[in-house]
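J.: Input data00.txt, format and content: compact mmCIF, C-alpha atoms (C1' of nucleotides).
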```
# COMPACT_ATOMS: atom_id res chain seq x y z
CA MET A 1 -12.44 -13.01 13.83
CA ARG A 2 -10.08 -10.06 13.56
CA ILE A 3 -8.96 -9.09 10.05
CA ALA A 4 -6.42 -6.34 9.36
CA THR A 5 -4.93 -4.61 6.33
CA PHE A 6 -1.41 -3.15 6.35
CA ASN A 7 0.61 -1.60 3.51
CA ILE A 8 4.09 -2.51 4.72
CA ASN A 9 6.12 -0.74 1.99
CA GLY A 10 8.66 -3.51 1.48
CA ILE A 11 8.82 -6.84 3.35
CA LYS A 12 12.60 -6.90 3.65
CA ALA A 13 12.79 -3.49 5.31
CA ARG A 14 9.71 -4.16 7.45
CA ILE A 15 10.13 -7.73 8.70
CA SER A 16 11.13 -6.58 12.20
CA ALA A 17 8.35 -4.00 12.63
CA LEU A 18 5.83 -6.36 11.02
CA THR A 19 6.76 -9.24 13.32
CA GLU A 20 6.47 -7.08 16.42
CA TRP A 21 3.04 -5.84 15.37
CA LEU A 22 1.81 -9.31 14.35
CA GLU A 23 2.65 -10.73 17.77
CA GLY A 24 0.47 -8.20 19.58
CA CYS A 25 -2.32 -7.36 17.19
CA GLY A 26 -4.62 -10.27 17.97
CA CYS A 27 -5.30 -10.80 14.29
CA ASP A 28 -6.58 -13.98 12.71
CA VAL A 29 -6.08 -12.72 9.15
CA VAL A 30 -3.73 -10.02 7.81
CA CYS A 31 -3.80 -8.52 4.30
CA LEU A 32 -0.46 -7.06 3.26
CA GLN A 33 0.25 -4.67 0.39
CA GLU A 34 3.44 -3.44 -1.26
CA ILE A 35 5.45 -6.48 -0.24
CA LYS A 36 7.85 -5.42 -3.05
CA SER A 37 9.05 -8.98 -3.33
CA GLU A 38 8.88 -11.95 -5.63
CA ASP A 39 7.08 -14.94 -4.13
CA ARG A 40 10.31 -16.92 -3.83
CA ALA A 41 12.00 -14.10 -1.88
CA PHE A 42 9.13 -13.64 0.59
CA PRO A 43 9.97 -14.84 4.14
CA ARG A 44 7.36 -17.58 4.03
CA ALA A 45 9.13 -20.08 6.31
CA TYR A 46 9.91 -17.36 8.87
CA LEU A 47 6.20 -16.50 9.16
CA GLU A 48 5.05 -20.12 9.01
CA ASP A 49 7.37 -20.86 11.95
CA ARG A 50 5.43 -18.17 13.85
CA GLY A 51 2.08 -19.80 13.17
CA TRP A 52 0.88 -18.10 9.99
CA ARG A 53 -0.39 -19.64 6.82
CA VAL A 54 1.04 -17.59 3.96
CA GLU A 55 -0.34 -16.89 0.48
CA THR A 56 1.53 -14.40 -1.68
CA HIS A 57 1.11 -12.72 -5.05
CA GLY A 58 4.33 -10.83 -5.59
CA GLN A 59 6.47 -9.38 -8.35
CA LYS A 60 9.97 -8.04 -8.54
CA GLY A 61 10.62 -4.63 -7.05
CA PHE A 62 7.24 -3.09 -6.41
CA ASN A 63 3.52 -3.78 -5.80
CA GLY A 64 2.77 -7.28 -4.44
CA VAL A 65 0.10 -8.49 -1.97
CA ALA A 66 -0.11 -11.31 0.56
CA VAL A 67 -2.55 -12.89 3.00
CA LEU A 68 -1.41 -14.24 6.38
CA SER A 69 -3.86 -16.37 8.36
CA ARG A 70 -4.02 -18.24 11.65
CA LEU A 71 -7.09 -19.98 10.22
CA ALA A 72 -7.37 -22.50 7.42
CA ILE A 73 -7.34 -20.98 3.92
CA GLU A 74 -9.22 -22.30 0.89
CA ASP A 75 -9.79 -21.35 -2.74
CA VAL A 76 -6.97 -18.83 -3.22
CA ALA A 77 -7.25 -16.74 -6.40
CA ARG A 78 -4.75 -14.24 -7.78
CA ASP A 79 -5.23 -11.26 -10.12
CA LEU A 80 -8.25 -9.07 -10.66
CA PRO A 81 -10.28 -10.30 -13.66
CA GLY A 82 -11.04 -8.13 -16.65
CA ASP A 83 -7.69 -7.35 -18.32
CA GLY A 84 -5.47 -10.19 -19.43
CA THR A 85 -2.68 -7.74 -20.27
CA ASP A 86 -2.41 -6.42 -16.68
CA ASP A 87 0.69 -7.98 -15.11
CA GLN A 88 0.74 -5.91 -11.89
CA ALA A 89 0.39 -7.94 -8.68
CA ARG A 90 -2.36 -6.05 -6.85
CA TRP A 91 -5.07 -8.59 -5.92
CA ILE A 92 -5.33 -11.85 -4.01
CA GLU A 93 -8.46 -13.38 -2.50
CA ALA A 94 -9.07 -16.39 -0.33
CA THR A 95 -11.67 -17.96 1.93
CA VAL A 96 -10.70 -18.15 5.61
CA ILE A 97 -12.47 -20.67 7.82
CA GLY A 98 -13.51 -19.32 11.21
CA ARG A 99 -16.71 -20.32 12.97
CA ARG A 100 -18.03 -19.54 9.52
CA PRO A 101 -16.21 -18.94 6.23
CA VAL A 102 -15.36 -15.42 5.10
CA ARG A 103 -14.14 -14.49 1.62
CA VAL A 104 -11.25 -12.03 2.01
CA CYS A 105 -10.04 -9.88 -0.91
CA CYS A 106 -6.66 -8.19 -0.38
CA LEU A 107 -6.10 -5.30 -2.79
CA TYR A 108 -3.52 -2.67 -3.68
CA LEU A 109 -5.33 -0.13 -5.82
CA PRO A 110 -3.18 1.88 -8.27
CA ASN A 111 -1.95 5.29 -7.11
CA GLY A 112 -2.90 6.96 -10.41
CA ASN A 113 -0.52 9.94 -10.38
CA PRO A 114 0.18 11.94 -12.38
CA ALA A 115 -3.41 12.80 -13.28
CA PRO A 116 -4.62 13.13 -15.92
CA GLY A 117 -2.60 10.60 -17.91
CA PRO A 118 -2.20 6.88 -18.57
CA ARG A 119 -1.54 6.06 -14.93
CA PHE A 120 -4.80 7.74 -13.93
CA ASP A 121 -6.64 5.94 -16.74
CA TYR A 122 -5.25 2.64 -15.40
CA LYS A 123 -6.48 3.48 -11.90
CA LEU A 124 -10.02 4.20 -13.07
CA ALA A 125 -10.11 1.11 -15.29
CA TRP A 126 -8.86 -0.98 -12.35
CA MET A 127 -11.62 0.43 -10.14
CA ALA A 128 -14.22 -0.50 -12.78
CA ARG A 129 -12.80 -4.03 -12.86
CA MET A 130 -12.93 -4.19 -9.06
CA ARG A 131 -16.56 -3.09 -9.12
CA ALA A 132 -17.37 -5.93 -11.52
CA ARG A 133 -15.52 -8.46 -9.35
CA ALA A 134 -17.26 -7.18 -6.21
CA ALA A 135 -20.67 -7.40 -7.90
CA ALA A 136 -19.96 -11.00 -8.93
CA LEU A 137 -18.87 -11.95 -5.40
CA LEU A 138 -21.86 -10.20 -3.80
CA ALA A 139 -24.20 -12.53 -5.69
CA SER A 140 -23.12 -15.28 -3.29
CA GLU A 141 -24.78 -13.41 -0.39
CA GLU A 142 -21.93 -14.58 1.85
CA PRO A 143 -19.68 -12.52 4.18
CA ILE A 144 -17.06 -10.85 1.97
CA VAL A 145 -14.30 -8.44 3.06
CA PHE A 146 -12.43 -6.09 0.68
CA ALA A 147 -9.36 -4.93 2.60
CA GLY A 148 -6.45 -2.92 1.32
CA ASP A 149 -4.76 0.27 0.22
CA TYR A 150 -7.40 1.94 -1.96
CA ASN A 151 -5.31 5.05 -2.72
CA VAL A 152 -8.55 7.04 -2.43
CA ILE A 153 -9.37 9.80 0.08
CA PRO A 154 -13.15 9.34 0.18
CA GLN A 155 -14.11 12.72 1.66
CA ALA A 156 -12.46 16.00 2.70
CA GLU A 157 -12.71 14.96 6.36
CA ASP A 158 -10.35 12.06 5.51
CA ALA A 159 -7.42 14.45 4.99
CA ALA A 160 -5.78 16.81 7.48
CA ARG A 161 -5.20 19.29 4.64
CA PRO A 162 -7.73 18.48 1.90
CA GLU A 163 -6.79 21.62 -0.02
CA ALA A 164 -3.31 20.15 -0.59
CA TRP A 165 -4.80 17.12 -2.39
CA VAL A 166 -7.00 18.92 -4.92
CA GLY A 167 -6.06 17.59 -8.35
CA ASP A 168 -4.18 14.60 -6.92
CA ALA A 169 -5.26 11.17 -8.19
CA LEU A 170 -6.10 10.15 -4.61
CA PHE A 171 -8.68 12.93 -4.23
CA ARG A 172 -9.87 13.76 -7.74
CA PRO A 173 -13.65 13.67 -8.25
CA GLU A 174 -13.35 10.70 -10.64
CA SER A 175 -11.51 8.60 -8.00
CA ARG A 176 -13.97 9.52 -5.27
CA ALA A 177 -16.93 8.78 -7.57
CA ALA A 178 -15.48 5.37 -8.41
CA PHE A 179 -15.09 4.67 -4.67
CA ARG A 180 -18.73 5.67 -4.15
CA ARG A 181 -19.75 3.32 -6.95
CA LEU A 182 -18.26 0.51 -4.85
CA ILE A 183 -20.18 1.71 -1.81
CA HIS A 184 -23.37 1.90 -3.85
CA LEU A 185 -23.14 -1.82 -4.57
CA GLY A 186 -24.14 -2.14 -0.93
CA LEU A 187 -20.71 -2.22 0.71
CA THR A 188 -20.04 -0.75 4.15
CA ASP A 189 -16.91 1.23 5.05
CA ALA A 190 -16.22 -0.65 8.30
CA PHE A 191 -14.16 2.08 9.95
CA ARG A 192 -16.72 4.79 9.17
CA ALA A 193 -19.50 2.57 10.51
CA THR A 194 -17.67 2.68 13.85
CA GLU A 195 -15.88 6.06 13.96
CA PRO A 196 -17.52 9.06 12.28
CA GLY A 197 -15.88 12.46 12.01
CA PRO A 198 -12.54 13.98 10.99
CA GLY A 199 -9.03 13.31 12.24
CA HIS A 200 -8.64 9.60 11.46
CA TYR A 201 -5.74 8.78 9.12
CA THR A 202 -3.89 5.69 7.90
CA PHE A 203 -0.98 7.26 5.93
CA TRP A 204 1.54 9.95 6.71
CA ASP A 205 4.18 10.78 4.09
CA TYR A 206 7.83 10.30 5.01
CA GLN A 207 8.53 13.83 3.72
CA ALA A 208 8.21 17.28 5.27
CA GLY A 209 7.51 16.03 8.81
CA ALA A 210 4.03 14.81 7.90
CA TRP A 211 3.85 12.45 10.90
CA GLU A 212 5.12 15.04 13.38
CA ARG A 213 2.53 17.52 12.04
CA ASN A 214 -0.21 14.85 11.89
CA ASN A 215 -0.62 15.71 8.22
CA GLY A 216 -2.28 12.42 7.30
CA ILE A 217 -4.87 10.93 4.99
CA ARG A 218 -7.25 7.97 5.29
CA ILE A 219 -6.68 5.76 2.24
CA ASP A 220 -6.57 2.21 3.69
CA HIS A 221 -10.09 0.84 3.90
CA VAL A 222 -12.07 -2.28 4.74
CA LEU A 223 -15.34 -2.59 2.82
CA LEU A 224 -17.90 -5.22 3.81
CA SER A 225 -20.64 -7.08 2.01
CA PRO A 226 -24.04 -6.77 3.73
CA GLN A 227 -23.61 -10.25 5.20
CA ALA A 228 -20.18 -9.27 6.59
CA ALA A 229 -21.51 -5.94 7.88
CA ASP A 230 -24.14 -7.90 9.85
CA LEU A 231 -21.23 -9.50 11.73
CA LEU A 232 -19.22 -6.32 12.40
CA THR A 233 -18.50 -5.70 16.10
CA GLY A 234 -15.63 -3.18 15.91
CA ALA A 235 -12.98 -1.46 13.83
CA GLY A 236 -9.90 0.63 14.41
CA ILE A 237 -6.63 2.12 13.19
CA ASP A 238 -3.35 1.13 14.87
CA LYS A 239 -1.96 4.67 14.68
CA ALA A 240 0.87 4.06 17.16
CA VAL A 241 2.63 1.80 14.64
CA ARG A 242 3.62 4.91 12.65
CA GLY A 243 5.74 6.11 15.60
CA GLY A 244 7.73 2.87 15.90
CA ASP A 245 11.21 1.98 14.65
CA LYS A 246 11.62 1.95 10.86
CA PRO A 247 7.89 2.37 10.25
CA SER A 248 5.94 1.98 7.03
CA ASP A 249 4.29 5.19 5.85
CA HIS A 250 0.95 3.37 6.35
CA VAL A 251 -0.51 1.88 9.56
CA PRO A 252 -2.77 -1.16 10.03
CA VAL A 253 -6.56 -0.94 9.93
CA TRP A 254 -8.52 -3.77 11.60
CA ILE A 255 -12.05 -5.04 11.95
CA ASP A 256 -13.71 -7.56 14.26
CA LEU A 257 -16.36 -9.89 12.86
CA ASP A 258 -18.58 -12.24 14.87
CA ALA A 259 -17.44 -15.12 12.68
C1' DA B 1 21.04 8.41 -4.39
C1' DT B 2 16.89 13.85 -3.71
C1' DG B 3 14.20 19.20 -2.67
C1' DG B 4 11.90 17.42 1.05
C1' DT B 5 12.07 10.72 2.38
C1' DC B 6 11.63 6.19 1.93
C1' DG B 7 11.57 1.49 -0.72
C1' DG B 8 13.33 -1.45 -4.20
C1' DG B 9 14.16 -3.09 -9.68
C1' DT B 10 18.80 0.54 -9.85
C1' DG B 11 23.09 4.00 -10.59
C1' DC B 12 16.92 5.96 -10.91
C1' DC B 13 11.86 5.29 -10.60
C1' DG B 14 7.60 4.76 -7.89
C1' DA B 15 5.31 6.42 -4.07
```
Could you show the structure in this file as structure tokens?

T.:
Amino acid sequence: MRIATFNINGIKARISALTEWLEGCGCDVVCLQEIKSEDRAFPRAYLEDRGWRVETHGQKGFNGVAVLSRLAIEDVARDLPGDGTDDQARWIEATVIGRRPVRVCCLYLPNGNPAPGPRFDYKLAWMARMRARAAALLASEEPIVFAGDYNVIPQAEDAARPEAWVGDALFRPESRAAFRRLIHLGLTDAFRATEPGPGHYTFWDYQAGAWERNNGIRIDHVLLSPQAADLLTGAGIDKAVRGGDKPSDHVPVWIDLDA
DNA sequence: ATGGTCGGGTGCCGA
């Protein structure tokens, strides 16, 4: 089972590039972030006609997540528990049925800038809520995948120019510590389990020729429960997508599970 | 549309 995560930065602007990538990626399940669309405006029928089951959790204008699946989907849940006043569409989870079922959580973690400030407070509170949700799911001892745009640069080696990110909400010690608290639950960073070392990025800013200079950061991650990590056979970053026509500023990250 | 660049809710704001 191949599962990917891709922050598409707007479904309307990305439908062509997304379709082209979907047709060649070999994915069974795709987690999308920043669909920037209400559910009723999402091109559900277009994707269903191409063989995908579609579950969305959108809102007008920004944020928004979706799960596409070639496999049967069960038990879809929207919103991250823990704050009934949070109306931002950043979380959807569902069970996909391969040779065995896998719980897939698709997340768009808050950016948090400017930091410090209320946006940064919201990011850290959201990460604490995610930790609680992950701990609750881990009690099932089933394969669970947490795939999405984490808006966290875990280590200096995950940025081409780490010095440029000091003080940014994506690289502040509090954000990195909260990411480590997720890892310390027993989760595995699937890409890092496969590809150690510097020079692997998933985001290049549209500004200042970041792509041409390879000035990237690794902020899109797939974390695995121990039972999912047992099934991991490969992981990768589809870097070439960034050089295509009308690209997102993020590229897809994928994993293969023996499931 | 801006500083540099994209996306959308718009005539800017979020990233």

J.: If we count all atoms listed in the file and set the cut-off at 9 Å, which residues sit around stretch 108-117 of chain A, ignoring sequence neighbours fewer than 4 positions away in its own chain? Please answer as a list in words.

T.: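 These residues fall inside the cut-off: Asn7, Leu32, Gln33, Glu34, Asn63, Gly64, Val65, Ala89, Arg90, Trp91, Asp121, Tyr122, Lys123, Leu124, Trp126, Met127, Ala147, Gly148, Asp149, Tyr150, Asn151, Val152, Gly167, Asp168, Ala169, Leu170 and Arg172 of chain A; DA15 of chain B.
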
J.: Can those selected residues be exported to a file as an mmCIF file, keeping the file's coordinate frame so that it contains C-alpha atoms (C1' of nucleotides)?

T.:
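So again_34.cif came out as:
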```
data_model
loop_
_atom_site.group_PDB
_atom_site.id
_atom_site.type_symbol
_atom_site.label_atom_id
_atom_site.label_comp_id
_atom_site.auth_asym_id
_atom_site.auth_seq_id
_atom_site.Cartn_x
_atom_site.Cartn_y
_atom_site.Cartn_z
ATOM 1 C CA ASN A 7 0.610 -1.600 3.510
ATOM 2 C CA LEU A 32 -0.460 -7.060 3.260
ATOM 3 C CA GLN A 33 0.250 -4.670 0.390
ATOM 4 C CA GLU A 34 3.440 -3.440 -1.260
ATOM 5 C CA ASN A 63 3.520 -3.780 -5.800
ATOM 6 C CA GLY A 64 2.770 -7.280 -4.440
ATOM 7 C CA VAL A 65 0.100 -8.490 -1.970
ATOM 8 C CA ALA A 89 0.390 -7.940 -8.680
ATOM 9 C CA ARG A 90 -2.360 -6.050 -6.850
ATOM 10 C CA TRP A 91 -5.070 -8.590 -5.920
ATOM 11 C CA ASP A 121 -6.640 5.940 -16.740
ATOM 12 C CA TYR A 122 -5.250 2.640 -15.400
ATOM 13 C CA LYS A 123 -6.480 3.480 -11.900
ATOM 14 C CA LEU A 124 -10.020 4.200 -13.070
ATOM 15 C CA TRP A 126 -8.860 -0.980 -12.350
ATOM 16 C CA MET A 127 -11.620 0.430 -10.140
ATOM 17 C CA ALA A 147 -9.360 -4.930 2.600
ATOM 18 C CA GLY A 148 -6.450 -2.920 1.320
ATOM 19 C CA ASP A 149 -4.760 0.270 0.220
ATOM 20 C CA TYR A 150 -7.400 1.940 -1.960
ATOM 21 C CA ASN A 151 -5.310 5.050 -2.720
ATOM 22 C CA VAL A 152 -8.550 7.040 -2.430
ATOM 23 C CA GLY A 167 -6.060 17.590 -8.350
ATOM 24 C CA ASP A 168 -4.180 14.600 -6.920
ATOM 25 C CA ALA A 169 -5.260 11.170 -8.190
ATOM 26 C CA LEU A 170 -6.100 10.150 -4.610
ATOM 27 C CA ARG A 172 -9.870 13.760 -7.740
ATOM 28 C "C1'" DA B 15 5.310 6.420 -4.070
#
```

J.: Could the residues of chain A within 10 Å of chain B, counting all atoms listed in the file, be given as a list in words, please?

T.: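 Result, ordered by chain then number: Asn9, Gly10, Ile11, Lys12, Ala13, Glu34, Lys36, Ser37, Lys60, Gly61, Phe62, Asn63, Asn111, Asn113, Asp205, Tyr206, Gln207, Ala208, Gly209, Lys246, Pro247, Ser248 and Asp249 of chain A.
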
J.: Work out where the centre of an axis-aligned box around every listed atom of stretch 116-130 of chain A lies and how long its edges are once 4 Å is added on each side; give both in Å to one decimal as lines of an AutoDock Vina configuration file.

T.:
```
center_x = -7.9
center_y = 4.5
center_z = -13.8
size_x = 20.7
size_y = 25.3
size_z = 17.5
```

J.: Tell me, in Å to one decimal, how far atom CA of A:Val102 is from atom CA of A:Trp52.

T.: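 Atom-to-atom, atom CA of A:Val102 to atom CA of A:Trp52, that is 17.2 Å.
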
J.: Which residues, written as a list in words, have at least one atom at most 7 Å from A:Val30, with all atoms listed in the file counted and residues fewer than 5 positions away on the same chain left out?

T.: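 Counting all atoms listed in the file, the residues come to Ile3, Ala4, Thr5, Val67, Leu68 and Ser69 of chain A.
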
J.: Name the residues, using the chain letters and numbers of the file, that sit within 12 Å of (-21.7, -10.5, 4.0) when counting only C-alpha atoms (C1' of nucleotides), and give them as a PDB file with C-alpha atoms, in the coordinates of the input.

T.:
```
ATOM      1  CA  ARG A 100     -18.030 -19.540   9.520  1.00  0.00           C
ATOM      2  CA  PRO A 101     -16.210 -18.940   6.230  1.00  0.00           C
ATOM      3  CA  VAL A 102     -15.360 -15.420   5.100  1.00  0.00           C
ATOM      4  CA  ARG A 103     -14.140 -14.490   1.620  1.00  0.00           C
ATOM      5  CA  VAL A 104     -11.250 -12.030   2.010  1.00  0.00           C
ATOM      6  CA  ALA A 134     -17.260  -7.180  -6.210  1.00  0.00           C
ATOM      7  CA  LEU A 137     -18.870 -11.950  -5.400  1.00  0.00           C
ATOM      8  CA  LEU A 138     -21.860 -10.200  -3.800  1.00  0.00           C
ATOM      9  CA  ALA A 139     -24.200 -12.530  -5.690  1.00  0.00           C
ATOM     10  CA  SER A 140     -23.120 -15.280  -3.290  1.00  0.00           C
ATOM     11  CA  GLU A 141     -24.780 -13.410  -0.390  1.00  0.00           C
ATOM     12  CA  GLU A 142     -21.930 -14.580   1.850  1.00  0.00           C
ATOM     13  CA  PRO A 143     -19.680 -12.520   4.180  1.00  0.00           C
ATOM     14  CA  ILE A 144     -17.060 -10.850   1.970  1.00  0.00           C
ATOM     15  CA  VAL A 145     -14.300  -8.440   3.060  1.00  0.00           C
ATOM     16  CA  PHE A 146     -12.430  -6.090   0.680  1.00  0.00           C
ATOM     17  CA  GLY A 186     -24.140  -2.140  -0.930  1.00  0.00           C
ATOM     18  CA  LEU A 187     -20.710  -2.220   0.710  1.00  0.00           C
ATOM     19  CA  THR A 188     -20.040  -0.750   4.150  1.00  0.00           C
ATOM     20  CA  LEU A 223     -15.340  -2.590   2.820  1.00  0.00           C
ATOM     21  CA  LEU A 224     -17.900  -5.220   3.810  1.00  0.00           C
ATOM     22  CA  SER A 225     -20.640  -7.080   2.010  1.00  0.00           C
ATOM     23  CA  PRO A 226     -24.040  -6.770   3.730  1.00  0.00           C
ATOM     24  CA  GLN A 227     -23.610 -10.250   5.200  1.00  0.00           C
ATOM     25  CA  ALA A 228     -20.180  -9.270   6.590  1.00  0.00           C
ATOM     26  CA  ALA A 229     -21.510  -5.940   7.880  1.00  0.00           C
ATOM     27  CA  ASP A 230     -24.140  -7.900   9.850  1.00  0.00           C
ATOM     28  CA  LEU A 231     -21.230  -9.500  11.730  1.00  0.00           C
ATOM     29  CA  LEU A 232     -19.220  -6.320  12.400  1.00  0.00           C
ATOM     30  CA  LEU A 257     -16.360  -9.890  12.860  1.00  0.00           C
ATOM     31  CA  ASP A 258     -18.580 -12.240  14.870  1.00  0.00           C
ATOM     32  CA  ALA A 259     -17.440 -15.120  12.680  1.00  0.00           C
TER      33      ALA A 259
END
```

J.: To one decimal place in Å, what is the distance between atom CA of A:Leu107 and atom CA of A:Arg2?

T.: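 Straight-line distance from atom CA of A:Leu107 to atom CA of A:Arg2 works out to 17.5 Å.
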
J.: May I ask for the distance between atom CA of A:Arg213 and atom CA of A:Leu18, given in Å to one decimal place?

T.: 24.1 Å

J.: Go through A:Trp165, A:Gly236, A:Arg180, A:Asp220 one by one, measure the shortest atom-to-atom distance of each to A:Thr194 using all atoms listed in the file, and give the residue with the smallest value.

T.: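 That would be A:Gly236, the residue with the smallest distance to A:Thr194.
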
J.: Identify which of the residues A:Ala235, A:Cys31, A:Ile153, A:Ala41 lies closest to A:Glu93, counting only C-alpha atoms when measuring atom-to-atom distances.

T.: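 The answer is A:Cys31, which sits nearest to A:Glu93.
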
J.: From the set A:Glu55, A:Gly244, A:Glu157, A:Ala177, which residue has the shortest atom-to-atom contact distance to A:Ala17, counting all atoms listed in the file?

T.: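 Of all the options, A:Gly244 lies closest to A:Ala17.
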
J.: Which residues are close to A:Pro154, i.e. within 12 Å by only C-alpha atoms (C1' of nucleotides), leaving aside same-chain residues fewer than 6 positions away? Reply as a list in words.

T.: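 Result of the neighbour search: Pro162, Trp165, Ala169, Leu170, Phe171, Arg172, Pro173, Glu174, Ser175, Arg176, Ala177, Ala178, Phe179, Arg180, Arg181, Leu182, Ile183, Asp189, Arg192, Pro198, Tyr201, Ile217, Arg218, Ile219, Asp220 and His221 of chain A.
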
J.: Give me stretch 141-159 of chain A with N, CA and C atoms filled in, as a PDB file, in the frame of the given file.

T.:
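Printed below is selection04.pdb as written:
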```
ATOM      1  N   GLU A 141     -24.107 -13.770  -1.641  1.00  0.00           N
ATOM      2  CA  GLU A 141     -24.780 -13.410  -0.390  1.00  0.00           C
ATOM      3  C   GLU A 141     -24.075 -14.009   0.832  1.00  0.00           C
ATOM      4  N   GLU A 142     -22.736 -14.090   0.734  1.00  0.00           N
ATOM      5  CA  GLU A 142     -21.930 -14.580   1.850  1.00  0.00           C
ATOM      6  C   GLU A 142     -21.142 -13.407   2.444  1.00  0.00           C
ATOM      7  N   PRO A 143     -20.551 -13.576   3.631  1.00  0.00           N
ATOM      8  CA  PRO A 143     -19.680 -12.520   4.180  1.00  0.00           C
ATOM      9  C   PRO A 143     -18.417 -12.364   3.319  1.00  0.00           C
ATOM     10  N   ILE A 144     -18.214 -11.150   2.811  1.00  0.00           N
ATOM     11  CA  ILE A 144     -17.060 -10.850   1.970  1.00  0.00           C
ATOM     12  C   ILE A 144     -16.409  -9.569   2.495  1.00  0.00           C
ATOM     13  N   VAL A 145     -15.070  -9.579   2.558  1.00  0.00           N
ATOM     14  CA  VAL A 145     -14.300  -8.440   3.060  1.00  0.00           C
ATOM     15  C   VAL A 145     -13.338  -7.992   1.963  1.00  0.00           C
ATOM     16  N   PHE A 146     -13.345  -6.685   1.667  1.00  0.00           N
ATOM     17  CA  PHE A 146     -12.430  -6.090   0.680  1.00  0.00           C
ATOM     18  C   PHE A 146     -11.488  -5.165   1.446  1.00  0.00           C
ATOM     19  N   ALA A 147     -10.279  -5.648   1.716  1.00  0.00           N
ATOM     20  CA  ALA A 147      -9.360  -4.930   2.600  1.00  0.00           C
ATOM     21  C   ALA A 147      -8.099  -4.549   1.848  1.00  0.00           C
ATOM     22  N   GLY A 148      -7.696  -3.274   1.972  1.00  0.00           N
ATOM     23  CA  GLY A 148      -6.450  -2.920   1.320  1.00  0.00           C
ATOM     24  C   GLY A 148      -6.177  -1.427   1.276  1.00  0.00           C
ATOM     25  N   ASP A 149      -5.147  -1.110   0.492  1.00  0.00           N
ATOM     26  CA  ASP A 149      -4.760   0.270   0.220  1.00  0.00           C
ATOM     27  C   ASP A 149      -5.514   0.696  -1.038  1.00  0.00           C
ATOM     28  N   TYR A 150      -6.553   1.516  -0.839  1.00  0.00           N
ATOM     29  CA  TYR A 150      -7.400   1.940  -1.960  1.00  0.00           C
ATOM     30  C   TYR A 150      -6.822   3.151  -2.694  1.00  0.00           C
ATOM     31  N   ASN A 151      -5.849   3.820  -2.119  1.00  0.00           N
ATOM     32  CA  ASN A 151      -5.310   5.050  -2.720  1.00  0.00           C
ATOM     33  C   ASN A 151      -6.412   6.024  -3.105  1.00  0.00           C
ATOM     34  N   VAL A 152      -7.454   6.080  -2.244  1.00  0.00           N
ATOM     35  CA  VAL A 152      -8.550   7.040  -2.430  1.00  0.00           C
ATOM     36  C   VAL A 152      -8.856   7.678  -1.069  1.00  0.00           C
ATOM     37  N   ILE A 153      -8.902   9.012  -1.060  1.00  0.00           N
ATOM     38  CA  ILE A 153      -9.370   9.800   0.080  1.00  0.00           C
ATOM     39  C   ILE A 153     -10.864  10.015  -0.160  1.00  0.00           C
ATOM     40  N   PRO A 154     -11.739   9.302   0.558  1.00  0.00           N
ATOM     41  CA  PRO A 154     -13.150   9.340   0.180  1.00  0.00           C
ATOM     42  C   PRO A 154     -13.794  10.719   0.311  1.00  0.00           C
ATOM     43  N   GLN A 155     -13.475  11.427   1.411  1.00  0.00           N
ATOM     44  CA  GLN A 155     -14.110  12.720   1.660  1.00  0.00           C
ATOM     45  C   GLN A 155     -13.058  13.691   2.224  1.00  0.00           C
ATOM     46  N   ALA A 156     -13.386  14.979   2.197  1.00  0.00           N
ATOM     47  CA  ALA A 156     -12.460  16.000   2.700  1.00  0.00           C
ATOM     48  C   ALA A 156     -12.072  15.723   4.153  1.00  0.00           C
ATOM     49  N   GLU A 157     -13.000  15.214   4.940  1.00  0.00           N
ATOM     50  CA  GLU A 157     -12.710  14.960   6.360  1.00  0.00           C
ATOM     51  C   GLU A 157     -11.671  13.838   6.534  1.00  0.00           C
ATOM     52  N   ASP A 158     -11.344  13.125   5.452  1.00  0.00           N
ATOM     53  CA  ASP A 158     -10.350  12.060   5.510  1.00  0.00           C
ATOM     54  C   ASP A 158      -8.941  12.552   5.208  1.00  0.00           C
ATOM     55  N   ALA A 159      -8.747  13.857   5.174  1.00  0.00           N
ATOM     56  CA  ALA A 159      -7.420  14.450   4.990  1.00  0.00           C
ATOM     57  C   ALA A 159      -7.247  15.601   5.982  1.00  0.00           C
TER      58      ALA A 159
END
```
